[in-house]
There are 2 protein chains.
Amino acid sequence: MPRAEPSEAVSPDTRTRLLDAAEHLFAENGIARTTLRQITASAGANLAAVNYHFGSKRVLLHEVFARRIQPVNEDRLARLDRVERDAGDEPPPVEDILRAFLTPAFLMKSSGTRHDFLRLMGRAHTEPTGELREVVFAQFGEVVLCFSHAIARALPKLPPSIIQWRLQFAIGAMAFTLANRDAPGPSGPSRHTDAETDEEVLSTLVEFLAAGFRAPAGSAEA
Amino acid sequence: MPRAEPSEAVSPDTRTRLLDAAEHLFAENGIARTTLRQITASAGANLAAVNYHFGSKRVLLHEVFARRIQPVNEDRLARLDRVERDAGDEPPPVEDILRAFLTPAFLMKSSGTRHDFLRLMGRAHTEPTGELREVVFAQFGEVVLCFSHAIARALPKLPPSIIQWRLQFAIGAMAFTLANRDAPGPSGPSRHTDAETDEEVLSTLVEFLAAGFRAPAGSAEA
DNA sequence: GTCTATATCCTGATAGAC
DNA sequence: GTCTATCAGGATATAGAC
C-alpha cells in the first residue's frame with residue numbers, strides 16, 4: 001500500500017500526475033511556454049502519455065482547469081447563498097459578498113494542498129489563449145452575474161453599468177494579486193515586508209474593494 | 001512625397017513598420033503566439049527583415065515596449081509633479097495622484113493614435129515572459145515608488161505595507177481593464193451598455209480606487 | 001537594405017512493438 | 001497502459017545573391 005501523503009514520487013495514476021505536473025508548469029512558466037515534453041518528464045511519464053490520456057495538449061489544459069474551477073465556483077455560490085441567508089431581510093454588507101467571491105480562490109482548501117493553481121487562476125484571466133478564456137468564462141460568467149446582482153441589492157443606488165465596471169476592477173485586482181503571489185520580480189509588494197498570510201492579503205483586498213464599491217457614483221466625473 | 005497620415009501602406013522605414021506591426025500583433029494575439037512570419041507579412045517586409053533590423057525577436061519585443069513605455073512613465077512623473085506643485089503645502093487628493101498615474105496609460109495621446117499599445121500594456125503586467133517583466137518593471141518600479149511615496153504623504157495614517165498592497169490592487173485593476181478593452185469574451189462589462197469613452201472608464205476607475213485607498217486600514221480584519 | 005533559400009531546432013502528435 | 005521511434009510542420013535565425 002502506497003503512502004497516503006500527496007508528495008511527489010508517490011504516484012497516483014499517470015493521468016493525475018500529468019494533471020498535477022501540467023498545473024504546476026502552467027502556473028510557473030505560463031501556458032504557451034510549457035511543452036508536453038516538460039510535462040511528461042516532470043510527471044515521470046512518457047511523452048506519448050499525454051496523447052493517450054487526453055488526446056491533445058488543449059484537452060489537457062481544459063482538464064487542468066475543469067478539475068479546479070468547478071469546486072471554486074460552487075463554493076463561491078454556496079458562500080454567497082449563506083451570506084444572504086444570514087443577512088435575513090436586509091441585503092448583506094458588501095464585505096461579506098466580496099469575501100464570498102474571493103475566499104474560495106484565495107484559500108482553495110478544497111482539492112489539494114498546493115497553491116500552484118492560485119497563480120494559474122490568475123493567469124487564466126490574463127493569458128490571451130483565446131481558447132481558454134471561453135472555457136473559464138463559460139462557468140465564470142454565470143457566477144459573476146450572481147454576484148453582480150447581489151451587489152446591486154446591497155448597493156441599490158449604484159447604476160448597473162457602474163457595478164459591472166467595478167466588478168471588472170475587482171476581478172482585475174484579484175487576478176493580478178493571485179498571479180503574482182510568490183512570483184519573482186519587483187511587482188510583489190512584500191520583499192522586505194514580513195510575509196503576509198493568505199488570509200491577511202484577502203482581508204486587505206476585501207477592505208480595499210468594499211470601500212471602492214461603496215463610493216458614490218459620479219464622484220470623480222471629469 | 002508620401003501622404004502624411006499614418007495609415008497602413010504609407011510606409012515609413014521598414015524598421016518602424018516592423019515595430020508597428022509587432023505592436024499590433026502582440027496586442028491582438030499575445031506575444032508568444034505571434035510569429036516573425038506574421039509580423040513581417042503584416043509589415044509588408046521580408047522574413048529576414050526582423051533579424052536584419054533587430055537581430056532577434058526578443059530585441060524587437062523590447063524595442064516595441066521601450067518606444068512607448070518611457071514616454072508614458074515620464075508623463076506619469078510629470079503629471080505627479082504638477083499635481084503636487086498645484087497642491088502647494090497640502091498633499092494633493094488621492095484622486096489627482098491616481099489620475100496622474102492612470103491617465104498616460106489610458107490616453108496615450110503621445111506617440112501614435114492607435115490604442116493597440118493599451119492592450120499590450122495590460123499584457124505586459126500580465127504575461128509571464130520573464131524576460132519582459134524585467135524590462136518593463138525596471139523603469140516601472142521606480143515610477144511606482146514615487147507614487148507610493150506621494151500616496152503615503154496624502155494618506156499619512158496608512159501603514160506602508162498597506163499602501164504597497166493597495167497599489168498592487170490598483171495596478172491589477174488597471175492592467176486588467178486595459179488588457180480587456182475591446183477584447184472578445186464575456187469579461188468586458190459593456191456588451192449591451194452603451195460604449196464608454198476612455199475618459200469615462202478612467203473616471204470610473206479613479207473614483208473606485210480612490211475610495212479604496214481612503215479606506216481606514218484594518219477595517220476588515222478577520 | 002532587401003530579397004531567396006535554407007539550416008537547425010523544437011513543437012505536438014502518431015504508429016506500432018511490448 | 002506504457003514504451004521507442006519517428007513524422008510533419010513551424011519556429012527562429014542565417015548565408016549569400018542582388
# chains A, B, ... in the order shown; residues from 1 in each chain; ligands from 1
call {"tool": "closest_atom_pairs", "arguments": {"of": "chain C", "to": "chain D", "cutoff": "8 Å", "atoms": "only C-alpha atoms (C1' of nucleotides)", "output": "CSV"}}
result
residue,atom,partner,partner_atom,distance
C:DC3,C1',D:DC18,C1',7.6
C:DA7,C1',D:DT14,C1',7.6
C:DC10,C1',D:DA11,C1',7.8
C:DT11,C1',D:DG10,C1',7.9
C:DT14,C1',D:DC7,C1',7.7
C:DC18,C1',D:DC3,C1',7.6
call {"tool": "select_by_dssp", "arguments": {"residues": "range 81-174 of chain A", "states": "alpha helix (DSSP H)", "output": "PyMOL selection string"}}
result
chain A and resi 81-86+94-107+116-124+131-154+160-174
call {"tool": "residues_around", "arguments": {"residues": "DG1 in chain C", "least_positions_apart": "5", "cutoff": "12 Å", "atoms": "only C-alpha atoms (C1' of nucleotides)", "output": "list in words"}}
result
Asp13, Thr14, Arg15, Ala45, Asn46, Ala48, Ala49, Val50, Tyr52 and His53 of chain B; DC18 of chain D
call {"tool": "closest_residue", "arguments": {"among": "A:Leu98, A:Ala211, A:Leu60, A:Met174", "to": "Phe147 in chain A", "atoms": "only C-alpha atoms"}}
result
A:Leu98
call {"tool": "residues_around", "arguments": {"residues": "Gly172 in chain B", "least_positions_apart": "2", "cutoff": "10 Å", "atoms": "only C-alpha atoms (C1' of nucleotides)", "output": "MDAnalysis selection string"}}
result
(chainID A and resid 169:180) or (chainID B and resid 122 125:126 166:170 174:178)
call {"tool": "closest_atom_pairs", "arguments": {"of": "chain B", "to": "chain D", "cutoff": "12 Å", "atoms": "only C-alpha atoms (C1' of nucleotides)", "output": "tab-separated table"}}
result
residue	atom	partner	partner_atom	distance
B:Ala32	CA	D:DA11	C1'	11.1
B:Arg33	CA	D:DA11	C1'	10.7
B:Thr34	CA	D:DA11	C1'	10.5
B:Thr35	CA	D:DA11	C1'	7.7
B:Leu36	CA	D:DT12	C1'	8.0
B:Arg37	CA	D:DA11	C1'	9.3
B:Gln38	CA	D:DA11	C1'	11.7
B:Leu47	CA	D:DA13	C1'	10.2
B:Ala48	CA	D:DA13	C1'	8.5
B:Ala49	CA	D:DA13	C1'	11.2
B:Val50	CA	D:DA13	C1'	10.0
B:Asn51	CA	D:DA13	C1'	7.4
B:Tyr52	CA	D:DT14	C1'	10.1
B:Phe54	CA	D:DA13	C1'	11.7
B:Gly55	CA	D:DA13	C1'	8.8
B:Ser56	CA	D:DA13	C1'	7.8
B:Lys57	CA	D:DT12	C1'	8.0
B:Arg58	CA	D:DT12	C1'	10.6
call {"tool": "residues_around", "arguments": {"residues": "Glu199 in chain B", "least_positions_apart": "5", "cutoff": "9 Å", "atoms": "only C-alpha atoms (C1' of nucleotides)", "output": "list in words"}}
result
Ala222 of chain A; Thr103, Phe106, Leu107 and Thr204 of chain B
call {"tool": "atom_distance", "arguments": {"atom1": "CA of Ile162 in chain A", "atom2": "CA of Ile97 in chain A"}}
result
16.8 Å
call {"tool": "atom_distance", "arguments": {"atom1": "CA of Asn73 in chain A", "atom2": "CA of Leu120 in chain A"}}
result
15.3 Å
call {"tool": "residues_around", "arguments": {"residues": "Pro156 in chain A", "least_positions_apart": "3", "cutoff": "12 Å", "atoms": "only C-alpha atoms (C1' of nucleotides)", "output": "list in words"}}
result
Glu90, Pro91, Val94, Ser148, His149, Ala150, Ile151, Ala152, Arg153, Pro159, Pro160, Ile162, Ile163, Phe213, Arg214, Pro216 and Ala217 of chain A
call {"tool": "write_last_selection", "arguments": {"atoms": "all heavy atoms", "output": "compact mmCIF listing (two decimals), in the first residue's frame"}}
result
# COMPACT_ATOMS: atom_id res chain seq x y z
N GLU A 90 -32.49 42.27 5.25
CA GLU A 90 -31.55 43.27 4.77
C GLU A 90 -30.59 42.63 3.75
O GLU A 90 -30.27 41.46 3.89
CB GLU A 90 -30.71 43.81 5.94
CG GLU A 90 -31.53 44.42 7.05
CD GLU A 90 -32.19 45.71 6.61
OE1 GLU A 90 -31.48 46.56 6.02
OE2 GLU A 90 -33.41 45.86 6.80
N PRO A 91 -30.14 43.40 2.79
CA PRO A 91 -29.04 42.87 1.96
C PRO A 91 -27.77 42.81 2.79
O PRO A 91 -27.56 43.65 3.69
CB PRO A 91 -28.92 43.91 0.84
CG PRO A 91 -29.58 45.13 1.34
CD PRO A 91 -30.61 44.70 2.32
N VAL A 94 -21.39 44.61 1.70
CA VAL A 94 -20.55 44.30 0.53
C VAL A 94 -19.34 43.48 0.92
O VAL A 94 -18.90 42.63 0.15
CB VAL A 94 -20.03 45.59 -0.16
CG1 VAL A 94 -20.16 45.46 -1.65
CG2 VAL A 94 -20.71 46.81 0.36
N SER A 148 -22.97 40.12 -9.21
CA SER A 148 -23.31 41.50 -9.55
C SER A 148 -24.74 41.82 -9.12
O SER A 148 -25.03 42.93 -8.70
CB SER A 148 -23.11 41.73 -11.05
OG SER A 148 -24.18 41.21 -11.79
N HIS A 149 -25.60 40.81 -9.17
CA HIS A 149 -26.96 41.03 -8.67
C HIS A 149 -26.96 41.23 -7.16
O HIS A 149 -27.68 42.09 -6.64
CB HIS A 149 -27.86 39.85 -9.06
CG HIS A 149 -28.18 39.82 -10.52
ND1 HIS A 149 -28.59 38.68 -11.17
CD2 HIS A 149 -28.13 40.79 -11.46
CE1 HIS A 149 -28.78 38.95 -12.45
NE2 HIS A 149 -28.51 40.23 -12.65
N ALA A 150 -26.16 40.42 -6.49
CA ALA A 150 -26.09 40.57 -5.03
C ALA A 150 -25.59 41.96 -4.66
O ALA A 150 -26.11 42.59 -3.73
CB ALA A 150 -25.16 39.51 -4.45
N ILE A 151 -24.59 42.43 -5.39
CA ILE A 151 -24.06 43.76 -5.09
C ILE A 151 -25.09 44.83 -5.42
O ILE A 151 -25.23 45.82 -4.70
CB ILE A 151 -22.74 43.98 -5.86
CG1 ILE A 151 -21.65 43.08 -5.26
CG2 ILE A 151 -22.31 45.44 -5.79
CD1 ILE A 151 -20.32 43.18 -5.95
N ALA A 152 -25.81 44.60 -6.49
CA ALA A 152 -26.86 45.57 -6.83
C ALA A 152 -27.90 45.68 -5.72
O ALA A 152 -28.41 46.77 -5.44
CB ALA A 152 -27.52 45.17 -8.15
N ARG A 153 -28.21 44.57 -5.08
CA ARG A 153 -29.16 44.62 -3.97
C ARG A 153 -28.54 45.31 -2.76
O ARG A 153 -29.22 46.04 -2.04
CB ARG A 153 -29.61 43.20 -3.59
CG ARG A 153 -30.59 42.58 -4.56
CD ARG A 153 -31.19 41.31 -4.01
NE ARG A 153 -30.20 40.24 -3.88
CZ ARG A 153 -29.90 39.39 -4.87
NH1 ARG A 153 -30.50 39.49 -6.05
NH2 ARG A 153 -29.01 38.45 -4.68
N PRO A 159 -25.75 52.61 -10.37
CA PRO A 159 -26.22 52.21 -11.70
C PRO A 159 -25.58 50.87 -12.09
O PRO A 159 -24.41 50.64 -11.76
CB PRO A 159 -25.73 53.33 -12.62
CG PRO A 159 -25.31 54.44 -11.74
CD PRO A 159 -24.99 53.87 -10.40
N PRO A 160 -26.32 50.03 -12.79
CA PRO A 160 -25.79 48.71 -13.17
C PRO A 160 -24.47 48.78 -13.93
O PRO A 160 -23.58 47.94 -13.71
CB PRO A 160 -26.90 48.14 -14.05
CG PRO A 160 -28.13 48.84 -13.63
CD PRO A 160 -27.71 50.22 -13.21
N ILE A 162 -22.12 50.87 -13.68
CA ILE A 162 -21.02 51.14 -12.74
C ILE A 162 -20.66 49.87 -11.98
O ILE A 162 -19.48 49.56 -11.75
CB ILE A 162 -21.41 52.26 -11.76
CG1 ILE A 162 -21.60 53.58 -12.51
CG2 ILE A 162 -20.36 52.41 -10.67
CD1 ILE A 162 -20.31 54.18 -13.02
N ILE A 163 -21.67 49.12 -11.59
CA ILE A 163 -21.41 47.87 -10.88
C ILE A 163 -20.60 46.93 -11.76
O ILE A 163 -19.64 46.29 -11.31
CB ILE A 163 -22.73 47.21 -10.44
CG1 ILE A 163 -23.38 48.05 -9.33
CG2 ILE A 163 -22.50 45.79 -9.96
CD1 ILE A 163 -24.67 47.48 -8.81
N PHE A 213 -16.39 49.89 -3.86
CA PHE A 213 -17.79 49.67 -4.26
C PHE A 213 -18.72 50.66 -3.58
O PHE A 213 -19.75 51.05 -4.13
CB PHE A 213 -18.22 48.23 -3.93
CG PHE A 213 -17.95 47.26 -5.04
CD1 PHE A 213 -16.86 46.41 -4.98
CD2 PHE A 213 -18.76 47.22 -6.16
CE1 PHE A 213 -16.60 45.51 -6.02
CE2 PHE A 213 -18.51 46.33 -7.19
CZ PHE A 213 -17.43 45.47 -7.11
N ARG A 214 -18.39 51.07 -2.38
CA ARG A 214 -19.26 51.98 -1.64
C ARG A 214 -19.16 53.42 -2.12
O ARG A 214 -19.97 54.26 -1.72
CB ARG A 214 -18.92 51.91 -0.15
CG ARG A 214 -19.38 50.64 0.53
CD ARG A 214 -20.01 50.93 1.88
NE ARG A 214 -20.54 49.70 2.48
CZ ARG A 214 -19.79 48.82 3.15
NH1 ARG A 214 -18.50 49.05 3.30
NH2 ARG A 214 -20.36 47.74 3.65
N PRO A 216 -19.76 56.72 -3.85
CA PRO A 216 -20.93 57.19 -4.61
C PRO A 216 -20.57 57.35 -6.08
O PRO A 216 -19.48 57.81 -6.42
CB PRO A 216 -21.24 58.54 -3.96
CG PRO A 216 -20.01 58.94 -3.24
CD PRO A 216 -19.32 57.67 -2.84
N ALA A 217 -21.45 56.95 -6.95
CA ALA A 217 -21.18 57.02 -8.39
C ALA A 217 -21.11 58.47 -8.84
O ALA A 217 -21.91 59.31 -8.41
CB ALA A 217 -22.25 56.27 -9.17
call {"tool": "residues_around", "arguments": {"residues": "Leu77 in chain A", "least_positions_apart": "4", "cutoff": "12 Å", "atoms": "only C-alpha atoms (C1' of nucleotides)", "output": "ChimeraX atom specification"}}
result
/A:70-73,81-84,97-104,139-140,142-147,150
